[in-house]
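Everything below belongs to coords.cif, which stores mmCIF, C-alpha atoms and all ligand atoms.
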data_start
#
loop_
_atom_site.group_PDB
_atom_site.id
_atom_site.type_symbol
_atom_site.label_atom_id
_atom_site.label_comp_id
_atom_site.auth_asym_id
_atom_site.auth_seq_id
_atom_site.Cartn_x
_atom_site.Cartn_y
_atom_site.Cartn_z
ATOM 1 C CA MET T 180 36.570 137.237 -27.213
ATOM 2 C CA ILE T 181 39.090 135.918 -24.729
ATOM 3 C CA PRO T 182 38.410 132.341 -23.681
ATOM 4 C CA VAL T 183 38.388 132.083 -19.878
ATOM 5 C CA THR T 184 37.722 128.914 -17.956
ATOM 6 C CA LEU T 185 35.549 128.863 -14.863
ATOM 7 C CA ASP T 186 38.591 128.284 -12.653
ATOM 8 C CA TRP T 187 40.292 131.416 -13.947
ATOM 9 C CA LEU T 188 37.073 133.403 -13.652
ATOM 10 C CA ILE T 189 36.762 132.456 -9.972
ATOM 11 C CA PHE T 190 40.452 133.187 -9.418
ATOM 12 C CA ILE T 191 40.154 136.627 -11.038
ATOM 13 C CA TYR T 192 36.983 137.376 -9.059
ATOM 14 C CA LEU T 193 38.644 136.451 -5.739
ATOM 15 C CA GLY T 194 41.745 138.461 -6.617
ATOM 16 C CA VAL T 195 39.715 141.562 -7.422
ATOM 17 C CA MET T 196 37.660 141.205 -4.220
ATOM 18 C CA LEU T 197 40.778 140.717 -2.084
ATOM 19 C CA ALA T 198 42.391 143.751 -3.703
ATOM 20 C CA LEU T 199 39.282 145.836 -2.951
ATOM 21 C CA VAL T 200 39.173 144.735 0.688
ATOM 22 C CA PHE T 201 42.906 145.278 1.128
ATOM 23 C CA GLY T 202 42.772 148.690 -0.558
ATOM 24 C CA THR T 203 39.843 149.791 1.590
ATOM 25 C CA TRP T 204 41.678 148.643 4.703
ATOM 26 C CA ILE T 205 44.851 150.543 3.763
ATOM 27 C CA VAL T 206 42.929 153.753 2.986
ATOM 28 C CA SER T 207 40.868 153.607 6.192
ATOM 29 C CA GLU T 208 43.980 152.960 8.304
ATOM 30 C CA TYR T 209 45.785 155.892 6.667
ATOM 31 C CA ARG T 210 42.804 158.185 7.304
ATOM 32 C CA HIS T 211 42.541 157.003 10.918
ATOM 33 C CA GLN T 212 46.221 157.717 11.604
ATOM 34 C CA ARG T 213 45.985 161.098 9.892
ATOM 35 C CA ARG T 214 42.941 162.061 12.003
ATOM 36 C CA GLU T 215 44.761 160.965 15.157
ATOM 37 C CA ARG T 216 47.878 162.929 14.212
ATOM 38 C CA LEU T 217 45.839 166.092 13.585
ATOM 39 C CA ALA T 218 43.932 165.679 16.859
ATOM 40 C CA PHE T 219 47.132 165.470 18.930
ATOM 41 C CA ARG T 220 49.197 167.936 16.907
ATOM 42 C CA ASP T 221 48.950 170.732 19.498
ATOM 43 C CA VAL T 222 49.007 168.544 22.623
ATOM 44 C CA LEU T 223 52.268 168.749 24.564
ATOM 45 C CA ARG T 224 53.619 167.129 27.714
ATOM 46 C CA CYS T 225 55.752 169.161 30.076
ATOM 47 C CA GLY T 226 59.192 167.640 30.666
ATOM 48 C CA ILE T 227 59.314 168.889 34.274
ATOM 49 C CA CYS T 228 55.850 168.310 35.770
ATOM 50 C CA ALA T 229 54.451 165.897 33.109
ATOM 51 C CA LEU T 230 51.346 168.027 32.619
ATOM 52 C CA GLN T 231 49.662 167.544 29.260
ATOM 53 C CA PHE T 232 48.463 170.799 27.825
ATOM 54 C CA GLU T 233 47.345 172.198 24.507
ATOM 55 C CA ASP T 234 49.248 174.979 22.800
ATOM 56 C CA LYS T 235 47.899 176.348 19.531
ATOM 57 C CA THR T 236 50.169 179.372 19.350
ATOM 58 C CA GLY T 237 52.762 177.656 17.184
ATOM 59 C CA ALA T 238 55.579 178.959 19.390
ATOM 60 C CA LEU T 239 58.897 177.143 19.103
ATOM 61 C CA LEU T 240 59.157 176.638 22.879
ATOM 62 C CA PRO T 241 55.705 176.768 24.462
ATOM 63 C CA ARG T 242 55.534 177.535 28.178
ATOM 64 C CA CYS T 243 53.896 175.087 30.584
ATOM 65 C CA PRO T 244 50.831 176.698 32.238
ATOM 66 C CA GLN T 245 51.486 174.898 35.554
ATOM 67 C CA CYS T 246 55.214 175.236 36.242
ATOM 68 C CA GLY T 247 56.224 177.796 33.618
ATOM 69 C CA SER T 248 59.090 175.801 32.082
ATOM 70 C CA LEU T 249 59.765 175.904 28.358
ATOM 71 C CA ASN T 250 59.095 172.715 26.396
ATOM 72 C CA GLU T 251 60.116 171.429 23.003
ATOM 73 C CA ARG T 252 57.532 170.077 20.620
ATOM 74 C CA PHE T 253 57.914 166.311 20.621
ATOM 75 C CA PRO T 254 55.087 164.129 19.360
ATOM 76 C CA LEU T 255 53.308 162.248 22.126
ATOM 77 C CA SER T 256 54.195 158.598 22.206
ATOM 78 C CA ARG T 257 51.463 156.172 21.356
ATOM 79 C CA LEU T 258 50.052 153.867 23.959
HETATM 80 ZN ZN ZN T 301 55.206 171.897 33.711
#
Spit out the file's structure as structure tokens when you get a sec.
Ligand SMILES: [Zn+2]
Amino acid sequence: MIPVTLDWLIFIYLGVMLALVFGTWIVSEYRHQRRERLAFRDVLRCGICALQFEDKTGALLPRCPQCGSLNERFPLSRL
């Protein structure tokens, strides 16, 4: 048996709990960002008229439904 003092036991317990909380936070933040990325994957903003529209065709240069200009697929900037 490994002799462990009460101080070390409390220290180990706090370290494990902090690691669990930190790990849960990292995983939930990663999942949140992934969900957000997937939700806005097909949303585009027209460079001419600034209309935001959804294009699920996967075309390289989707056409704006309002002004008809061709747009590149840039990710929308975050607020
Ligand atoms: Zn447009």
What separates atom CA of Ser207 of chain T and atom CA of Arg224 of chain T is a distance of 28.4 Å
* Using the chain letters and residue numbers of this document, give as an MDAnalysis selection string the residues selected by the PyMOL selection byres (((chain T and resi 214-219) around 12) and not hetatm). => chainID T and resid 207:213 220:224 231:235 252:257
Item to complete: May I have the residues within 7 Å of ligand ZN 301 (chain T), computed using only C-alpha atoms and all ligand atoms, as a list of chain:residue names?
Response: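 Those residues are T:Cys225, T:Gly226, T:Ile227, T:Cys228, T:Ala229, T:Leu230, T:Cys243, T:Pro244, T:Gln245, T:Cys246, T:Gly247, T:Ser248.
Between atom CA of Ile191 of chain T and atom CA of Thr203 of chain T there is a distance of 18.2 Å.
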*So what does the PyMOL selection byres (((chain T and resi 251) around 8) and not hetatm) actually pick up in this one, as a PyMOL selection string?*
chain T and resi 239-241+249-250+252-253
A straight line from atom CA of Asp186 of chain T to atom CA of Phe201 of chain T spans 22.3 Å
How big is the axis-aligned box around the listed atoms of segment 203-213 of chain T once 5 Å is added on each side, and where is its centre? Give both in Å to one decimal, as AutoDock Vina command-line options.
--center_x 43.0 --center_y 154.9 --center_z 6.6 --size_x 16.4 --size_y 22.5 --size_z 20.0
